[in-house]
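Enquirer: Below is the file entry_9.pdb, which contains PDB, C-alpha atoms and all ligand atoms.
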```
ATOM      1  CA  ASP A 192      18.347  17.867   0.076
ATOM      2  CA  ILE A 193      19.416  16.922   3.566
ATOM      3  CA  GLU A 194      22.515  14.855   4.166
ATOM      4  CA  VAL A 195      22.040  11.921   6.523
ATOM      5  CA  PRO A 196      25.155   9.828   7.182
ATOM      6  CA  GLU A 197      24.404   6.153   6.427
ATOM      7  CA  SER A 198      25.994   5.189   9.725
ATOM      8  CA  HIS A 199      23.310   7.070  11.647
ATOM      9  CA  PRO A 200      21.312   4.519  13.703
ATOM     10  CA  ARG A 201      18.054   5.997  12.453
ATOM     11  CA  TYR A 202      19.241   6.484   8.854
ATOM     12  CA  GLN A 203      16.269   4.766   7.188
ATOM     13  CA  SER A 204      13.749   6.512   9.406
ATOM     14  CA  LEU A 205      15.267   9.957   8.797
ATOM     15  CA  LEU A 206      15.391   9.358   5.054
ATOM     16  CA  THR A 207      11.741   8.299   5.086
ATOM     17  CA  ARG A 208      10.730  11.410   7.005
ATOM     18  CA  HIS A 209      12.586  13.562   4.564
ATOM     19  CA  ARG A 210      10.774  11.978   1.610
ATOM     20  CA  ILE A 211       7.410  12.727   3.227
ATOM     21  CA  GLU A 212       8.418  16.345   3.973
ATOM     22  CA  ASP A 213       9.540  16.683   0.394
ATOM     23  CA  GLY A 214       6.211  15.229  -0.772
ATOM     24  CA  VAL A 215       4.302  17.879   1.181
ATOM     25  CA  GLU A 216       6.490  20.632  -0.295
ATOM     26  CA  LYS A 217       5.843  19.357  -3.826
ATOM     27  CA  GLY A 218       2.079  19.170  -3.272
ATOM     28  CA  ILE A 219       2.040  15.364  -3.522
ATOM     29  CA  THR A 220       1.484  14.433   0.122
ATOM     30  CA  SER A 221      -1.268  15.966   2.262
ATOM     31  CA  PRO A 222      -0.263  17.634   5.559
ATOM     32  CA  GLN A 223      -2.224  14.825   7.237
ATOM     33  CA  GLY A 224       0.225  12.452   5.619
ATOM     34  CA  LEU A 225       2.844  13.687   8.086
ATOM     35  CA  ILE A 226       0.640  12.599  10.978
ATOM     36  CA  ALA A 227      -0.043   9.236   9.337
ATOM     37  CA  GLN A 228       3.706   8.731   8.865
ATOM     38  CA  GLY A 229       4.348   9.506  12.544
ATOM     39  CA  ARG A 230       1.751   6.964  13.544
ATOM     40  CA  GLY A 231       3.259   4.380  11.218
ATOM     41  CA  GLU A 232       6.760   5.019  12.574
ATOM     42  CA  ALA A 233       5.619   4.341  16.128
ATOM     43  CA  PHE A 234       4.232   0.935  15.122
ATOM     44  CA  ASP A 235       7.310   0.158  13.049
ATOM     45  CA  TYR A 236       9.553   0.930  16.021
ATOM     46  CA  LEU A 237       7.510  -1.460  18.186
ATOM     47  CA  LEU A 238       7.736  -4.147  15.490
ATOM     48  CA  GLY A 239      11.517  -3.803  15.481
ATOM     49  CA  GLU A 240      11.506  -2.231  11.983
ATOM     50  CA  ARG A 241      11.555  -5.673  10.362
ATOM     51  CA  THR A 242       9.372  -7.910   8.247
ATOM     52  CA  LEU A 243       8.120 -10.743  10.468
ATOM     53  CA  PRO A 244       8.027 -14.284   8.965
ATOM     54  CA  SER A 245       4.199 -14.366   8.860
ATOM     55  CA  VAL A 246       4.249 -10.998   7.070
ATOM     56  CA  ASP A 247       6.761 -12.247   4.520
ATOM     57  CA  ARG A 248       4.302 -15.101   3.802
ATOM     58  CA  ALA A 249       1.494 -12.546   3.406
ATOM     59  CA  GLU A 250       3.661 -10.656   0.912
ATOM     60  CA  ARG A 251       4.157 -13.852  -1.109
ATOM     61  CA  VAL A 252       0.402 -14.457  -1.064
ATOM     62  CA  ALA A 253      -0.164 -10.847  -2.179
ATOM     63  CA  ALA A 254       2.205 -11.440  -5.105
ATOM     64  CA  ALA A 255       0.299 -14.624  -6.026
ATOM     65  CA  HIS A 256      -3.038 -12.736  -5.949
ATOM     66  CA  LEU A 257      -1.668  -9.967  -8.192
ATOM     67  CA  LEU A 258      -0.289 -12.496 -10.705
ATOM     68  CA  ARG A 259      -3.489 -14.573 -10.645
ATOM     69  CA  ALA A 260      -5.845 -11.587 -10.994
ATOM     70  CA  ARG A 261      -7.912 -10.779 -14.091
ATOM     71  CA  HIS A 262      -7.319  -7.064 -13.461
ATOM     72  CA  PRO A 263      -4.981  -6.086 -10.601
ATOM     73  CA  VAL A 264      -4.663  -2.418  -9.564
ATOM     74  CA  LEU A 265      -2.205  -0.733  -7.204
ATOM     75  CA  SER A 266      -3.894   2.198  -5.470
ATOM     76  CA  VAL A 267      -1.599   5.191  -4.931
ATOM     77  CA  ASN A 268      -2.037   7.917  -2.306
ATOM     78  CA  GLY A 269       0.059  10.920  -1.328
ATOM     79  CA  ASN A 270       2.196   9.017   1.154
ATOM     80  CA  VAL A 271       3.203   6.086  -1.019
ATOM     81  CA  ALA A 272       3.788   8.354  -4.027
ATOM     82  CA  ALA A 273       6.344  10.273  -1.956
ATOM     83  CA  LEU A 274       7.896   7.247  -0.252
ATOM     84  CA  VAL A 275       8.087   4.550  -2.931
ATOM     85  CA  PRO A 276       7.403   5.854  -6.465
ATOM     86  CA  ASP A 277       9.993   3.632  -8.173
ATOM     87  CA  GLU A 278       8.962   0.565  -6.191
ATOM     88  CA  LEU A 279       5.285   1.063  -7.175
ATOM     89  CA  ILE A 280       6.223   1.188 -10.853
ATOM     90  CA  THR A 281       8.471  -1.877 -10.567
ATOM     91  CA  LEU A 282       5.735  -3.888  -8.835
ATOM     92  CA  ALA A 283       3.169  -2.820 -11.440
ATOM     93  CA  GLU A 284       5.523  -4.004 -14.182
ATOM     94  CA  ALA A 285       6.319  -7.296 -12.445
ATOM     95  CA  THR A 286       2.631  -8.190 -12.013
ATOM     96  CA  GLY A 287       0.919  -6.484 -14.962
ATOM     97  CA  ALA A 288      -1.041  -4.266 -12.552
ATOM     98  CA  ASP A 289      -2.445  -0.802 -13.277
ATOM     99  CA  LEU A 290      -1.483   2.187 -11.136
ATOM    100  CA  GLU A 291      -4.369   4.401 -10.019
ATOM    101  CA  VAL A 292      -4.146   7.536  -7.897
ATOM    102  CA  ASN A 293      -6.914   7.400  -5.310
ATOM    103  CA  LEU A 294      -6.898   9.877  -2.439
ATOM    104  CA  PHE A 295      -8.475  10.142   0.984
ATOM    105  CA  ASN A 296      -8.332  13.952   0.815
ATOM    106  CA  ARG A 297      -9.034  14.230  -2.883
ATOM    107  CA  THR A 298      -8.119  17.389  -4.781
ATOM    108  CA  GLU A 299      -7.694  17.533  -8.553
ATOM    109  CA  GLU A 300      -4.460  19.449  -8.019
ATOM    110  CA  ARG A 301      -2.897  16.723  -5.906
ATOM    111  CA  ILE A 302      -4.139  13.958  -8.245
ATOM    112  CA  HIS A 303      -2.376  15.655 -11.154
ATOM    113  CA  ALA A 304       0.773  16.348  -9.105
ATOM    114  CA  ILE A 305       0.993  12.637  -8.229
ATOM    115  CA  VAL A 306       0.334  11.487 -11.806
ATOM    116  CA  ASP A 307       3.109  13.832 -13.028
ATOM    117  CA  HIS A 308       5.443  12.642 -10.260
ATOM    118  CA  LEU A 309       4.929   8.972 -11.207
ATOM    119  CA  ARG A 310       5.429   9.774 -14.903
ATOM    120  CA  GLU A 311       8.700  11.538 -14.050
ATOM    121  CA  HIS A 312       9.725   8.319 -12.303
ATOM    122  CA  GLY A 313       9.003   6.342 -15.492
ATOM    123  CA  ALA A 314       5.369   5.213 -15.244
ATOM    124  CA  CYS A 315       3.703   4.886 -18.668
ATOM    125  CA  GLU A 316       0.053   5.055 -17.735
ATOM    126  CA  VAL A 317      -1.385   6.277 -14.454
ATOM    127  CA  LYS A 318      -5.141   6.117 -13.870
ATOM    128  CA  GLY A 319      -7.221   8.183 -11.468
ATOM    129  CA  THR A 320      -7.954  11.342 -13.432
ATOM    130  CA  THR A 321     -11.127  10.142 -15.198
ATOM    131  CA  ALA A 322     -13.057   9.351 -11.996
ATOM    132  CA  ASP A 323     -16.129   8.242 -13.970
ATOM    133  CA  GLU A 324     -17.391   5.665 -11.483
ATOM    134  CA  ARG A 325     -18.234   5.575  -7.768
ATOM    135  CA  ILE A 326     -17.630   3.053  -4.993
ATOM    136  CA  PRO A 327     -21.090   2.439  -3.500
ATOM    137  CA  GLY A 328     -21.613   3.480   0.126
ATOM    138  CA  LEU A 329     -19.008   6.254   0.367
ATOM    139  CA  ASP A 330     -19.381  10.023   0.298
ATOM    140  CA  HIS A 331     -18.932  11.700  -3.076
ATOM    141  CA  GLU A 332     -15.235  12.684  -3.130
ATOM    142  CA  ARG A 333     -13.866   9.535  -1.554
ATOM    143  CA  ALA A 334     -16.023   7.309  -3.772
ATOM    144  CA  LYS A 335     -14.497   8.491  -7.061
ATOM    145  CA  VAL A 336     -12.617   5.867  -9.097
ATOM    146  CA  ASP A 337     -11.873   5.131 -12.750
ATOM    147  CA  ALA A 338     -14.360   2.808 -14.489
ATOM    148  CA  ASP A 339     -11.507   0.982 -16.209
ATOM    149  CA  GLY A 340      -9.333   1.011 -13.063
ATOM    150  CA  ILE A 341     -10.244   0.247  -9.451
ATOM    151  CA  TYR A 342     -13.954  -0.037 -10.325
ATOM    152  CA  ASP A 343     -13.251  -2.913 -12.698
ATOM    153  CA  ALA A 344     -10.428  -4.507 -10.672
ATOM    154  CA  ASP A 345     -10.774  -7.898  -9.024
ATOM    155  CA  VAL A 346      -7.632  -7.501  -6.889
ATOM    156  CA  VAL A 347      -6.579  -4.159  -5.372
ATOM    157  CA  LEU A 348      -3.437  -3.385  -3.379
ATOM    158  CA  VAL A 349      -4.276  -0.550  -1.011
ATOM    159  CA  PRO A 350      -1.387   0.817   0.997
ATOM    160  CA  LEU A 351      -2.416   2.947   4.008
ATOM    161  CA  GLU A 352      -6.134   2.858   3.278
ATOM    162  CA  ASP A 353      -8.847   4.223   5.551
ATOM    163  CA  GLY A 354     -11.201   1.699   7.141
ATOM    164  CA  ASP A 355     -14.423   2.870   5.448
ATOM    165  CA  ARG A 356     -13.069   2.592   1.962
ATOM    166  CA  ALA A 357     -11.351  -0.719   2.676
ATOM    167  CA  GLN A 358     -14.723  -2.073   3.796
ATOM    168  CA  ALA A 359     -16.599  -0.572   0.825
ATOM    169  CA  LEU A 360     -14.138  -2.126  -1.646
ATOM    170  CA  ALA A 361     -14.431  -5.502   0.084
ATOM    171  CA  GLU A 362     -18.235  -5.251  -0.148
ATOM    172  CA  MET A 363     -17.876  -4.808  -3.929
ATOM    173  CA  GLY A 364     -16.344  -8.282  -3.902
ATOM    174  CA  LYS A 365     -12.776  -7.188  -4.563
ATOM    175  CA  THR A 366      -9.838  -9.025  -3.058
ATOM    176  CA  GLU A 367      -8.016  -6.463  -0.959
ATOM    177  CA  LEU A 368      -4.343  -6.545  -0.138
ATOM    178  CA  VAL A 369      -3.799  -3.925   2.571
ATOM    179  CA  ILE A 370      -0.430  -2.587   3.721
ATOM    180  CA  ASP A 371      -0.687  -0.943   7.147
ATOM    181  CA  LEU A 372       1.680  -1.003  10.108
ATOM    182  CA  ASN A 373      -1.170  -1.017  12.625
ATOM    183  CA  PRO A 374      -2.620  -4.534  13.037
ATOM    184  CA  LEU A 375      -5.524  -3.097  15.078
ATOM    185  CA  SER A 376      -6.635  -0.767  12.306
ATOM    186  CA  ARG A 377      -9.904  -1.654  10.534
ATOM    187  CA  SER A 378      -8.463  -1.780   7.007
ATOM    188  CA  PRO A 379      -5.997  -4.656   7.562
ATOM    189  CA  GLN A 380      -8.684  -6.372   9.625
ATOM    190  CA  THR A 381     -11.106  -6.378   6.665
ATOM    191  CA  ALA A 382      -8.403  -7.320   4.131
ATOM    192  CA  ALA A 383      -8.097 -10.698   2.429
ATOM    193  CA  VAL A 384      -4.349 -10.220   2.889
ATOM    194  CA  PRO A 385      -3.220  -7.934   5.730
ATOM    195  CA  ILE A 386       0.394  -6.853   5.275
ATOM    196  CA  ILE A 387       1.599  -5.420   8.586
ATOM    197  CA  ASP A 388       4.809  -3.897   7.307
ATOM    198  CA  ASN A 389       6.330  -0.592   6.270
ATOM    199  CA  VAL A 390       5.523   0.141   2.588
ATOM    200  CA  ILE A 391       9.229   0.770   2.190
ATOM    201  CA  ARG A 392       9.966  -2.897   2.916
ATOM    202  CA  ALA A 393       6.680  -4.387   1.712
ATOM    203  CA  LEU A 394       6.656  -3.220  -1.920
ATOM    204  CA  PRO A 395      10.155  -4.453  -2.884
ATOM    205  CA  ASN A 396       9.492  -7.731  -1.090
ATOM    206  CA  ILE A 397       6.182  -8.306  -2.917
ATOM    207  CA  THR A 398       8.082  -7.646  -6.166
ATOM    208  CA  THR A 399      10.761 -10.193  -5.202
ATOM    209  CA  HIS A 400       8.045 -12.793  -4.559
ATOM    210  CA  ALA A 401       6.262 -11.885  -7.811
ATOM    211  CA  ARG A 402       9.474 -12.455  -9.777
ATOM    212  CA  ASP A 403      10.024 -15.740  -7.978
ATOM    213  CA  LEU A 404       6.457 -16.837  -8.849
ATOM    214  CA  ALA A 405       6.543 -15.471 -12.417
ATOM    215  CA  ASP A 406       6.672 -18.945 -13.992
ATOM    216  CA  ALA A 407       4.259 -20.598 -11.565
ATOM    217  CA  SER A 408       1.112 -22.191 -13.023
ATOM    218  CA  SER A 409      -2.365 -21.019 -12.025
ATOM    219  CA  ASP A 410      -2.695 -24.126  -9.852
ATOM    220  CA  GLN A 411       0.580 -23.371  -8.095
ATOM    221  CA  LEU A 412      -0.529 -19.762  -7.457
ATOM    222  CA  ASP A 413      -3.852 -21.036  -6.116
ATOM    223  CA  ASP A 414      -1.936 -23.324  -3.729
ATOM    224  CA  VAL A 415       0.062 -20.359  -2.380
ATOM    225  CA  ILE A 416      -3.198 -18.435  -1.846
ATOM    226  CA  ALA A 417      -5.211 -21.352  -0.393
ATOM    227  CA  GLY A 418      -2.905 -22.037   2.518
ATOM    228  CA  PHE A 419      -3.117 -18.481   3.846
ATOM    229  CA  ASP A 420      -4.846 -17.413   7.055
ATOM    230  CA  PRO A 421      -5.100 -13.617   7.548
ATOM    231  CA  GLU A 422      -5.809 -14.021  11.279
ATOM    232  CA  THR A 423      -2.339 -15.490  11.845
ATOM    233  CA  VAL A 424      -0.667 -12.324  10.547
ATOM    234  CA  LEU A 425      -2.823 -10.052  12.712
ATOM    235  CA  THR A 426      -2.268 -12.165  15.830
ATOM    236  CA  GLU A 427       1.470 -12.620  15.329
ATOM    237  CA  THR A 428       2.178  -8.972  14.625
ATOM    238  CA  GLU A 429       0.089  -7.825  17.569
ATOM    239  CA  ARG A 430       1.942 -10.265  19.809
ATOM    240  CA  ALA A 431       5.293  -9.056  18.476
ATOM    241  CA  ILE A 432       4.319  -5.469  19.252
ATOM    242  CA  ARG A 433       3.229  -6.375  22.780
ATOM    243  CA  THR A 434       6.197  -8.576  23.651
ATOM    244  CA  GLY A 435       8.981  -7.295  21.423
ATOM    245  CA  GLY A 436       9.506 -10.889  20.158
ATOM    246  CA  ASP A 437       8.400 -12.837  17.071
TER     247      ASP A 437
HETATM  248  O1  LIG A 501      -2.919  11.126   0.207
HETATM  249  P1  LIG A 501      -4.255  10.856   0.808
HETATM  250  O2  LIG A 501      -5.168  12.056   0.752
HETATM  251  O3  LIG A 501      -4.936   9.654   0.206
HETATM  252  O4  LIG A 501      -4.081  10.555   2.387
HETATM  253  C1  LIG A 501      -3.285   9.474   2.824
HETATM  254  C2  LIG A 501      -3.305   9.335   4.363
HETATM  255  C3  LIG A 501      -2.334   8.233   4.736
HETATM  256  C4  LIG A 501      -2.888  10.655   4.982
HETATM  257  C5  LIG A 501      -4.758   8.992   4.796
HETATM  258  O5  LIG A 501      -5.187   7.834   4.175
HETATM  259  C6  LIG A 501      -4.857   8.858   6.301
HETATM  260  O6  LIG A 501      -5.153   9.813   7.026
HETATM  261  O7  LIG A 501      -4.586   7.644   6.781
HETATM  262  P2  LIG A 501      -4.655   7.254   8.343
HETATM  263  O8  LIG A 501      -6.082   7.095   8.765
HETATM  264  O9  LIG A 501      -3.767   8.153   9.130
HETATM  265  O10 LIG A 501      -4.048   5.811   8.342
HETATM  266  C7  LIG A 501      -2.777   5.568   7.896
HETATM  267  C8  LIG A 501      -2.338   4.187   8.409
HETATM  268  O11 LIG A 501      -1.151   3.847   7.727
HETATM  269  C9  LIG A 501      -2.029   4.165   9.907
HETATM  270  O12 LIG A 501      -2.587   2.993  10.486
HETATM  271  C10 LIG A 501      -0.505   4.096   9.973
HETATM  272  O13 LIG A 501      -0.054   3.334  11.067
HETATM  273  C11 LIG A 501      -0.151   3.453   8.651
HETATM  274  N1  LIG A 501       1.141   3.876   8.090
HETATM  275  C12 LIG A 501       1.685   5.114   8.116
HETATM  276  N2  LIG A 501       2.880   5.128   7.491
HETATM  277  C13 LIG A 501       3.082   3.860   7.023
HETATM  278  C14 LIG A 501       1.968   3.055   7.408
HETATM  279  N3  LIG A 501       1.867   1.764   7.080
HETATM  280  C15 LIG A 501       2.881   1.236   6.359
HETATM  281  N4  LIG A 501       3.963   1.935   5.963
HETATM  282  C16 LIG A 501       4.123   3.242   6.274
HETATM  283  N5  LIG A 501       5.202   3.923   5.876
END
```
Produce structure tokens that represent the structure in this file.
Ligand code: PTJ
Expert:
Amino acid sequence: DIEVPESHPRYQSLLTRHRIEDGVEKGITSPQGLIAQGRGEAFDYLLGERTLPSVDRAERVAAAHLLRARHPVLSVNGNVAALVPDELITLAEATGADLEVNLFNRTEERIHAIVDHLREHGACEVKGTTADERIPGLDHERAKVDADGIYDADVVLVPLEDGDRAQALAEMGKTELVIDLNPLSRSPQTAAVPIIDNVIRALPNITTHARDLADASSDQLDDVIAGFDPETVLTETERAIRTGGD
């Protein structure tokens, strides 16, 4: 393990990088995950490495969707498994969501490595190994999902998803909650709830909102969801990136 002094101005960023490197070494994260992380870091830097107020609202709406869902699923890829394994499990517990490993560069080896990794972190059940259904409109490997997981879900949280699959899931009628630091990327643009934030900040904050809303009635959850406009988040984050302000 590397030692990064907490006083270092880029402490969080260095720690994050180290987790991704570690993920690649363990066979959890794909080498392309390093490139994705670099891209994400650039956007995070431009956003001021903070959760903007409109994004915090989106995270509350995401929590309401997960609590309101018939069958919520958190999709797990090689980057989030390396970066936020504990936070994924905590959010799944707080909202009653399933965890399902679903990869862009799918290999059985990496699926199993991620399932084992999440189990080591305390997850009871992790889906993604059955792969007995297909998302229509995608090529074979990327279409694979579990029949009793993402295929059946009505609400799916997809952190760092590629645009094609985000669109294909939306076309199946699923409510998509997309975490992606790039507001210009196609996946947050097709999402019901675009969350333009680092997964490292987004997941714990969605959990905080879920706990806060735990006793809310269905009507109260619907009110949280009804007032939400995804365009506002995309516009405000893009403006913040361009101007360095809120
Ligand atoms: O493990 P796999 O095979 O499923 O592959 C996962 C990656 C992420 C490698 C794959 O889906 C991929 O190549 O994604 P892209 O097309 O590079 O897109 C990743 C998006 O996530 C980019 O828009 C990044 O800006 C964004 N991103 C990267 N790191 C973070 C992030 N968003 C939020 N938090 C981050 N830490």
Enquirer: Using all atoms listed in the file, which residue out of A:Arg261, A:Arg430, A:Arg230, A:His256 lies closest to ligand LIG 501 (chain A)?
Expert: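 Closest to ligand LIG 501 (chain A), using all atoms listed in the file: A:Arg230.
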Enquirer: Which of these, A:Lys217, A:Arg402, A:His199, A:Arg208, has the shortest distance to ligand LIG 501 (chain A) once you count all atoms listed in the file?
Expert: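 Closest candidate: A:Arg208.
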Enquirer: Apply the PyMOL selection byres (((chain A and resi 285) around 9) and not hetatm) to the file shown and report the selected residues as a list in words.
Expert: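 With the PyMOL selection byres (((chain A and resi 285) around 9) and not hetatm) on this model, the match is Leu258, Ile280, Thr281, Leu282, Ala283, Glu284, Thr286, Gly287, Ala288, Thr398, Thr399, Ala401, Arg402 and Ala405 of chain A.
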Enquirer: Can you pull out every residue within 6 Å of range 357-371 of chain A, counting all atoms listed in the file, but drop anything in the same chain fewer than 6 positions away, and send it as a list in words?
Expert: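 Contacts, with the query itself left out: Asp345, Val346, Val347, Leu348, Val349, Pro350, Leu351, Ser378, Pro379, Ala382, Ala383, Val384, Pro385, Ile386 and Ile387 of chain A.
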Enquirer: Could the residues that lie within 6 Å of ligand LIG 501 (chain A), counting all atoms listed in the file, be listed as number ranges by chain?
Expert: A: 220-221, 223-224, 227-228, 230-231, 268-270, 294-297, 351-353, 370-373, 376, 388-390
Enquirer: Check what the PyMOL selection byres (((chain A and resi 207) around 10) and not hetatm) selects in the file above and give those residues as a PyMOL selection string.
Expert: chain A and resi 201-206+208-213+228+232+273-275+391
Enquirer: Which residues are near Ser408 in chain A? Cut-off 12 Å, all atoms listed in the file, ignore same chain within fewer than 4 positions. Put them as a ChimeraX atom specification.
Expert: /A:255,258-259,404,412-415
Enquirer: Once the PyMOL selection byres (((chain A and resi 292) around 7) and not hetatm) is applied to the coordinates I shared, what remains selected? I want it as a list in words.
Expert: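 Output from the PyMOL selection byres (((chain A and resi 292) around 7) and not hetatm), applied to this file: Ser266, Val267, Asn268, Leu290, Glu291, Asn293, Leu294, Ile302, Lys318 and Gly319 of chain A.
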Enquirer: Given the selection you just returned, output its residues as a file containing C-alpha atoms, formatted as a PDB file, keeping the file's coordinate frame.
Expert:
```
ATOM      1  CA  SER A 266      -3.894   2.198  -5.470  1.00  0.00           C
ATOM      2  CA  VAL A 267      -1.599   5.191  -4.931  1.00  0.00           C
ATOM      3  CA  ASN A 268      -2.037   7.917  -2.306  1.00  0.00           C
ATOM      4  CA  LEU A 290      -1.483   2.187 -11.136  1.00  0.00           C
ATOM      5  CA  GLU A 291      -4.369   4.401 -10.019  1.00  0.00           C
ATOM      6  CA  ASN A 293      -6.914   7.400  -5.310  1.00  0.00           C
ATOM      7  CA  LEU A 294      -6.898   9.877  -2.439  1.00  0.00           C
ATOM      8  CA  ILE A 302      -4.139  13.958  -8.245  1.00  0.00           C
ATOM      9  CA  LYS A 318      -5.141   6.117 -13.870  1.00  0.00           C
ATOM     10  CA  GLY A 319      -7.221   8.183 -11.468  1.00  0.00           C
TER      11      GLY A 319
END
```
Enquirer: Mind giving me the straight-line distance from CA of Asp289 in chain A to CA of Glu316 in chain A in Å, one decimal?
Expert: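 Atom-to-atom, CA of Asp289 in chain A to CA of Glu316 in chain A, that is 7.8 Å.
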Enquirer: In Å to one decimal, how far is CA of Ala260 in chain A from CA of Glu324 in chain A?
Expert: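 Calculated distance between CA of Glu324 in chain A and CA of Ala260 in chain A is 20.8 Å.
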Enquirer: For the point (8.1, 0.2, 23.0) in file coordinates, what residues are within 8 Å, counting all atoms listed in the file? Give the answer as an NGL selection string?
Expert: :A and (236-237 or 432 or 435)
Enquirer: When you draw a straight line from CA of Pro263 in chain A to CA of Ile326 in chain A, how long is it in Å?
Expert: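 Going from CA of Pro263 in chain A over to CA of Ile326 in chain A, I get 16.6 Å.
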Enquirer: For Ser409 in chain A, which residue among A:Leu257, A:Gly218, A:Gly229, A:Pro196 is the nearest when counting all atoms listed in the file?
Expert: A:Leu257
Enquirer: For Ala334 in chain A, which residue out of A:His303, A:Arg356, A:Thr321, A:Glu216 is the nearest one, using all atoms listed in the file?
Expert: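 Comparing A:His303, A:Arg356, A:Thr321, A:Glu216 against Ala334 in chain A, the winner is A:Arg356.
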Enquirer: Which one of A:Ala322, A:Leu309, A:Ala253, A:Val215 sits closest to Ala338 in chain A if you count all atoms listed in the file?
Expert: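 Ranking A:Ala322, A:Leu309, A:Ala253, A:Val215 by distance to Ala338 in chain A, first place goes to A:Ala322.
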